[in-house]
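my_file-v2.pdb, holding PDB, C-alpha atoms:
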ATOM      1  CA  MET N   1     -49.714 -24.264 163.840  1.00  0.00           C
ATOM      2  CA  GLN N   2     -46.871 -23.958 161.338  1.00  0.00           C
ATOM      3  CA  ARG N   3     -47.701 -21.950 158.243  1.00  0.00           C
ATOM      4  CA  ILE N   4     -46.124 -23.170 155.033  1.00  0.00           C
ATOM      5  CA  VAL N   5     -44.910 -20.355 152.830  1.00  0.00           C
ATOM      6  CA  LYS N   6     -45.695 -20.895 149.165  1.00  0.00           C
ATOM      7  CA  SER N   7     -42.811 -20.207 146.829  1.00  0.00           C
ATOM      8  CA  PRO N   8     -43.350 -21.669 143.364  1.00  0.00           C
ATOM      9  CA  TYR N   9     -39.817 -20.670 142.377  1.00  0.00           C
ATOM     10  CA  PHE N  10     -38.176 -22.663 145.166  1.00  0.00           C
ATOM     11  CA  TRP N  11     -40.797 -25.410 145.371  1.00  0.00           C
ATOM     12  CA  SER N  12     -40.384 -26.255 141.678  1.00  0.00           C
ATOM     13  CA  ARG N  13     -36.645 -26.637 142.221  1.00  0.00           C
ATOM     14  CA  THR N  14     -36.551 -28.423 145.593  1.00  0.00           C
ATOM     15  CA  HIS N  15     -39.925 -30.183 145.987  1.00  0.00           C
ATOM     16  CA  ASP N  16     -39.552 -29.688 149.733  1.00  0.00           C
ATOM     17  CA  HIS N  17     -41.748 -27.206 151.621  1.00  0.00           C
ATOM     18  CA  ASP N  18     -39.262 -26.729 154.464  1.00  0.00           C
ATOM     19  CA  ILE N  19     -36.314 -26.087 152.172  1.00  0.00           C
ATOM     20  CA  ALA N  20     -38.409 -23.797 149.939  1.00  0.00           C
ATOM     21  CA  SER N  21     -39.584 -21.806 152.971  1.00  0.00           C
ATOM     22  CA  ASP N  22     -36.046 -21.519 154.321  1.00  0.00           C
ATOM     23  CA  LEU N  23     -34.706 -20.388 150.955  1.00  0.00           C
ATOM     24  CA  MET N  24     -37.462 -17.808 150.642  1.00  0.00           C
ATOM     25  CA  ALA N  25     -36.697 -16.445 154.114  1.00  0.00           C
ATOM     26  CA  GLU N  26     -32.976 -16.303 153.325  1.00  0.00           C
ATOM     27  CA  THR N  27     -33.693 -14.541 150.044  1.00  0.00           C
ATOM     28  CA  PHE N  28     -35.762 -11.812 151.670  1.00  0.00           C
ATOM     29  CA  ALA N  29     -33.258 -11.442 154.495  1.00  0.00           C
ATOM     30  CA  ALA N  30     -30.471 -10.977 151.935  1.00  0.00           C
ATOM     31  CA  ALA N  31     -32.619  -8.520 149.983  1.00  0.00           C
ATOM     32  CA  LEU N  32     -33.421  -6.465 153.068  1.00  0.00           C
ATOM     33  CA  SER N  33     -29.804  -6.348 154.176  1.00  0.00           C
ATOM     34  CA  GLY N  34     -28.623  -5.465 150.669  1.00  0.00           C
ATOM     35  CA  VAL N  35     -31.376  -3.091 149.586  1.00  0.00           C
ATOM     36  CA  GLY N  36     -28.850  -0.264 149.387  1.00  0.00           C
ATOM     37  CA  ARG N  37     -26.974  -2.162 146.675  1.00  0.00           C
ATOM     38  CA  TYR N  38     -30.010  -2.352 144.373  1.00  0.00           C
ATOM     39  CA  ASP N  39     -29.336  -0.424 141.149  1.00  0.00           C
ATOM     40  CA  PRO N  40     -32.480   0.345 139.097  1.00  0.00           C
ATOM     41  CA  ALA N  41     -30.280   0.858 136.037  1.00  0.00           C
ATOM     42  CA  LYS N  42     -29.471  -2.863 136.072  1.00  0.00           C
ATOM     43  CA  GLY N  43     -33.071  -4.080 135.994  1.00  0.00           C
ATOM     44  CA  LEU N  44     -36.401  -4.272 137.695  1.00  0.00           C
ATOM     45  CA  PRO N  45     -36.643  -4.989 141.441  1.00  0.00           C
ATOM     46  CA  ARG N  46     -38.233  -8.363 140.597  1.00  0.00           C
ATOM     47  CA  GLN N  47     -35.184  -9.308 138.512  1.00  0.00           C
ATOM     48  CA  TRP N  48     -32.861  -8.274 141.340  1.00  0.00           C
ATOM     49  CA  LEU N  49     -34.869 -10.379 143.800  1.00  0.00           C
ATOM     50  CA  TYR N  50     -34.843 -13.399 141.476  1.00  0.00           C
ATOM     51  CA  GLY N  51     -31.066 -13.008 141.179  1.00  0.00           C
ATOM     52  CA  ILE N  52     -30.762 -13.163 144.960  1.00  0.00           C
ATOM     53  CA  ALA N  53     -33.074 -16.191 145.001  1.00  0.00           C
ATOM     54  CA  ARG N  54     -30.979 -17.951 142.371  1.00  0.00           C
ATOM     55  CA  ASN N  55     -27.817 -17.284 144.381  1.00  0.00           C
ATOM     56  CA  GLN N  56     -29.456 -18.698 147.523  1.00  0.00           C
ATOM     57  CA  LEU N  57     -30.416 -21.814 145.582  1.00  0.00           C
ATOM     58  CA  LYS N  58     -26.902 -22.214 144.176  1.00  0.00           C
ATOM     59  CA  ARG N  59     -25.473 -21.857 147.686  1.00  0.00           C
ATOM     60  CA  LEU N  60     -27.737 -24.718 148.801  1.00  0.00           C
ATOM     61  CA  TRP N  61     -26.686 -26.857 145.833  1.00  0.00           C
ATOM     62  CA  ARG N  62     -22.986 -26.205 146.519  1.00  0.00           C
ATOM     63  CA  SER N  63     -23.312 -27.117 150.195  1.00  0.00           C
ATOM     64  CA  ASN N  64     -25.205 -30.276 149.259  1.00  0.00           C
ATOM     65  CA  ARG N  65     -22.517 -31.148 146.718  1.00  0.00           C
ATOM     66  CA  VAL N  66     -19.777 -30.711 149.342  1.00  0.00           C
ATOM     67  CA  ALA N  67     -21.679 -32.967 151.739  1.00  0.00           C
ATOM     68  CA  SER N  68     -22.276 -35.541 148.986  1.00  0.00           C
ATOM     69  CA  ASN N  69     -18.586 -35.550 148.044  1.00  0.00           C
ATOM     70  CA  ALA N  70     -17.619 -36.037 151.686  1.00  0.00           C
ATOM     71  CA  ARG N  71     -20.057 -38.958 152.039  1.00  0.00           C
ATOM     72  CA  ARG N  72     -18.677 -40.479 148.848  1.00  0.00           C
ATOM     73  CA  ARG N  73     -15.053 -40.128 150.029  1.00  0.00           C
ATOM     74  CA  LEU N  74     -15.960 -41.675 153.374  1.00  0.00           C
ATOM     75  CA  GLU N  75     -18.004 -44.342 151.576  1.00  0.00           C
ATOM     76  CA  VAL N  76     -21.078 -43.521 153.626  1.00  0.00           C
ATOM     77  CA  GLN N  77     -24.151 -44.972 151.970  1.00  0.00           C
ATOM     78  CA  THR N  78     -27.183 -42.707 152.020  1.00  0.00           C
ATOM     79  CA  PRO N  79     -30.550 -43.207 150.366  1.00  0.00           C
ATOM     80  CA  PRO N  80     -31.430 -40.849 147.513  1.00  0.00           C
ATOM     81  CA  THR N  81     -33.144 -37.648 148.637  1.00  0.00           C
ATOM     82  CA  ALA N  82     -34.341 -34.388 147.161  1.00  0.00           C
ATOM     83  CA  ASP N  83     -30.835 -33.091 147.884  1.00  0.00           C
ATOM     84  CA  THR N  84     -29.085 -35.397 145.406  1.00  0.00           C
ATOM     85  CA  GLY N  85     -28.868 -35.145 141.634  1.00  0.00           C
ATOM     86  CA  TRP N  86     -28.713 -31.349 141.462  1.00  0.00           C
ATOM     87  CA  GLU N  87     -25.512 -31.292 139.407  1.00  0.00           C
ATOM     88  CA  GLU N  88     -27.389 -31.948 136.160  1.00  0.00           C
ATOM     89  CA  ILE N  89     -29.977 -29.299 136.961  1.00  0.00           C
ATOM     90  CA  GLU N  90     -27.339 -26.732 137.875  1.00  0.00           C
ATOM     91  CA  ALA N  91     -25.426 -27.501 134.670  1.00  0.00           C
ATOM     92  CA  ALA N  92     -28.583 -27.040 132.600  1.00  0.00           C
ATOM     93  CA  ASP N  93     -29.359 -23.800 134.435  1.00  0.00           C
ATOM     94  CA  ALA N  94     -25.836 -22.523 133.792  1.00  0.00           C
ATOM     95  CA  GLY N  95     -26.151 -23.468 130.130  1.00  0.00           C
ATOM     96  CA  LEU N  96     -29.212 -21.320 129.616  1.00  0.00           C
ATOM     97  CA  ASP N  97     -28.352 -18.454 127.330  1.00  0.00           C
ATOM     98  CA  ALA N  98     -30.211 -15.575 128.974  1.00  0.00           C
ATOM     99  CA  GLY N  99     -29.317 -13.208 126.152  1.00  0.00           C
ATOM    100  CA  ARG N 100     -30.741 -15.541 123.534  1.00  0.00           C
ATOM    101  CA  LEU N 101     -33.887 -15.979 125.607  1.00  0.00           C
ATOM    102  CA  ALA N 102     -34.315 -12.207 125.992  1.00  0.00           C
ATOM    103  CA  GLU N 103     -33.948 -11.777 122.225  1.00  0.00           C
ATOM    104  CA  ALA N 104     -36.476 -14.551 121.574  1.00  0.00           C
ATOM    105  CA  LEU N 105     -38.926 -12.944 123.993  1.00  0.00           C
ATOM    106  CA  CYS N 106     -38.553  -9.623 122.150  1.00  0.00           C
ATOM    107  CA  ARG N 107     -39.546 -11.334 118.904  1.00  0.00           C
ATOM    108  CA  LEU N 108     -42.866 -12.490 120.367  1.00  0.00           C
ATOM    109  CA  PRO N 109     -45.939 -10.367 119.741  1.00  0.00           C
ATOM    110  CA  ALA N 110     -46.325  -7.894 122.613  1.00  0.00           C
ATOM    111  CA  ARG N 111     -49.446  -9.494 124.152  1.00  0.00           C
ATOM    112  CA  SER N 112     -47.991 -13.003 123.973  1.00  0.00           C
ATOM    113  CA  ARG N 113     -44.708 -11.773 125.468  1.00  0.00           C
ATOM    114  CA  GLU N 114     -46.529 -10.077 128.337  1.00  0.00           C
ATOM    115  CA  ALA N 115     -48.733 -13.128 128.913  1.00  0.00           C
ATOM    116  CA  VAL N 116     -45.696 -15.450 128.993  1.00  0.00           C
ATOM    117  CA  GLN N 117     -43.852 -13.157 131.398  1.00  0.00           C
ATOM    118  CA  LEU N 118     -46.879 -12.933 133.709  1.00  0.00           C
ATOM    119  CA  ARG N 119     -47.326 -16.719 133.693  1.00  0.00           C
ATOM    120  CA  ILE N 120     -43.689 -17.858 133.845  1.00  0.00           C
ATOM    121  CA  ILE N 121     -41.853 -15.084 135.666  1.00  0.00           C
ATOM    122  CA  GLU N 122     -44.589 -13.760 137.953  1.00  0.00           C
ATOM    123  CA  GLN N 123     -46.288 -17.187 138.072  1.00  0.00           C
ATOM    124  CA  LEU N 124     -49.781 -15.731 137.928  1.00  0.00           C
ATOM    125  CA  GLU N 125     -52.898 -17.798 137.324  1.00  0.00           C
ATOM    126  CA  TYR N 126     -54.712 -17.369 134.011  1.00  0.00           C
ATOM    127  CA  GLY N 127     -57.531 -15.402 135.637  1.00  0.00           C
ATOM    128  CA  GLU N 128     -55.032 -12.880 137.001  1.00  0.00           C
ATOM    129  CA  ILE N 129     -53.287 -12.666 133.627  1.00  0.00           C
ATOM    130  CA  ALA N 130     -56.633 -12.038 131.955  1.00  0.00           C
ATOM    131  CA  GLU N 131     -57.369  -9.201 134.381  1.00  0.00           C
ATOM    132  CA  ARG N 132     -53.996  -7.590 133.693  1.00  0.00           C
ATOM    133  CA  LEU N 133     -54.351  -7.928 129.929  1.00  0.00           C
ATOM    134  CA  GLY N 134     -58.045  -7.016 129.829  1.00  0.00           C
ATOM    135  CA  CYS N 135     -59.149 -10.238 128.185  1.00  0.00           C
ATOM    136  CA  LYS N 136     -60.905 -13.508 129.028  1.00  0.00           C
ATOM    137  CA  PRO N 137     -58.999 -16.293 130.834  1.00  0.00           C
ATOM    138  CA  VAL N 138     -59.286 -18.550 127.774  1.00  0.00           C
ATOM    139  CA  THR N 139     -57.609 -15.836 125.701  1.00  0.00           C
ATOM    140  CA  ALA N 140     -54.861 -15.440 128.306  1.00  0.00           C
ATOM    141  CA  ARG N 141     -54.264 -19.200 128.237  1.00  0.00           C
ATOM    142  CA  SER N 142     -54.085 -19.120 124.443  1.00  0.00           C
ATOM    143  CA  LEU N 143     -51.616 -16.206 124.455  1.00  0.00           C
ATOM    144  CA  VAL N 144     -49.356 -18.037 126.896  1.00  0.00           C
ATOM    145  CA  PHE N 145     -49.607 -21.289 124.943  1.00  0.00           C
ATOM    146  CA  ARG N 146     -48.787 -19.646 121.604  1.00  0.00           C
ATOM    147  CA  GLY N 147     -45.915 -17.656 123.106  1.00  0.00           C
ATOM    148  CA  LEU N 148     -44.381 -20.706 124.767  1.00  0.00           C
ATOM    149  CA  ARG N 149     -44.803 -22.743 121.596  1.00  0.00           C
ATOM    150  CA  ARG N 150     -42.932 -20.098 119.573  1.00  0.00           C
ATOM    151  CA  LEU N 151     -40.139 -20.028 122.165  1.00  0.00           C
ATOM    152  CA  ARG N 152     -39.935 -23.810 122.193  1.00  0.00           C
ATOM    153  CA  ASP N 153     -39.765 -23.928 118.405  1.00  0.00           C
ATOM    154  CA  GLU N 154     -36.996 -21.338 118.402  1.00  0.00           C
ATOM    155  CA  PHE N 155     -34.886 -23.168 121.002  1.00  0.00           C
ATOM    156  CA  ASP N 156     -35.788 -26.686 119.931  1.00  0.00           C
ATOM    157  CA  PRO N 157     -36.846 -26.552 116.270  1.00  0.00           C
ATOM    158  CA  PRO N 158     -39.085 -29.390 115.074  1.00  0.00           C
ATOM    159  CA  LEU N 159     -37.311 -32.219 113.265  1.00  0.00           C
ATOM    160  CA  HIS N 160     -37.678 -32.396 109.489  1.00  0.00           C
ATOM    161  CA  GLU N 161     -37.944 -35.734 107.771  1.00  0.00           C
ATOM    162  CA  GLU N 162     -34.301 -35.600 106.645  1.00  0.00           C
ATOM    163  CA  ASP N 163     -33.240 -34.986 110.290  1.00  0.00           C
ATOM    164  CA  THR N 164     -34.871 -38.097 111.701  1.00  0.00           C
ATOM    165  CA  PRO N 165     -32.648 -41.139 112.284  1.00  0.00           C
TER     166      PRO N 165
END

Spit out the file's structure as structure tokens when you get a sec.
Amino acid sequence: MQRIVKSPYFWSRTHDHDIASDLMAETFAAALSGVGRYDPAKGLPRQWLYGIARNQLKRLWRSNRVASNARRRLEVQTPPTADTGWEEIEAADAGLDAGRLAEALCRLPARSREAVQLRIIEQLEYGEIAERLGCKPVTARSLVFRGLRRLRDEFDPPLHEEDTP
């Protein structure tokens, strides 16, 4: 029986269990072979691992783009798949201002910031977040919601009446 490896990071970006499992395996293989290059001064181990994961994902996108360009040049018609349309996603990912996001996170109240990081970065369930923060799951959910709402408002401020078309 084949066991499917759960990877919310890769699954949310590929929507394909096989590709997500392969990317996760490649990420950990790269991490194990490069563990000597890890520098704690540059960030937490989790951040280093996510950097490797992001590079693995970009490598996949580039190889898919090369194949798509070749099919287009050869005028080979292929049906749309989960492998197509990544250019827009990669462009949006590249446009993310990590420094601005880090600053915005720092402006959140400490408990909301920690709740958001546990939910979004570590992808924990609300019950697990509540255990870590020493609160009830409904409180954890509220902290995450309020933190995400403040981040959203900072990056995408609500329209005022004079701004509407």

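Taking all atoms listed in the file into account, the protein, DNA and RNA residues within 7 Å of (-31.3, -12.3, 146.6) read Thr27, Phe28, Ala30, Ala31, Trp48, Leu49, Tyr50, Gly51, Ile52, Ala53, Asn55 and Gln56 of chain N.
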
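Picture a line from atom CA of Arg113 of chain N to atom CA of Arg54 of chain N; it runs 22.6 Å.
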
Counting all atoms listed in the file, which residues have an atom no more than 10 Å from (-29.0, -24.1, 145.8) in the file's coordinates? Please list them as a PyMOL selection string. chain N and resi 10+13-14+19+23+53-65+83+86+90

What does the PyMOL selection byres ((chain N and resi 121) around 12) select in this file, as a VMD selection string? chain N and resid 8 to 9 46 to 47 49 to 50 113 to 120 122 to 125 129 144

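Distance-wise, atom CA of Val138 of chain N and atom CA of Ser12 of chain N end up 24.7 Å apart.
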
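If all atoms listed in the file are the atoms counted, then among N:Arg107, N:His15, N:Arg37, N:Lys42 the closest residue to Leu151 of chain N is N:Arg107.
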
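Across the model, the gap from atom CA of Ser112 of chain N to atom CA of Cys135 of chain N is 12.2 Å.
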
Using all atoms listed in the file for the distances, tell me which of N:Arg150, N:Gly127, N:Gly43, N:Ser21 is nearest to Cys106 of chain N. N:Arg150

Box along x, y and z, 3 Å on every side, all listed atoms of segment 138-153 of chain N inside: centre and edge lengths in Å to one decimal, as lines of an AutoDock Vina configuration file.
center_x = -49.5
center_y = -19.7
center_z = 123.4
size_x = 25.5
size_y = 14.5
size_z = 15.9
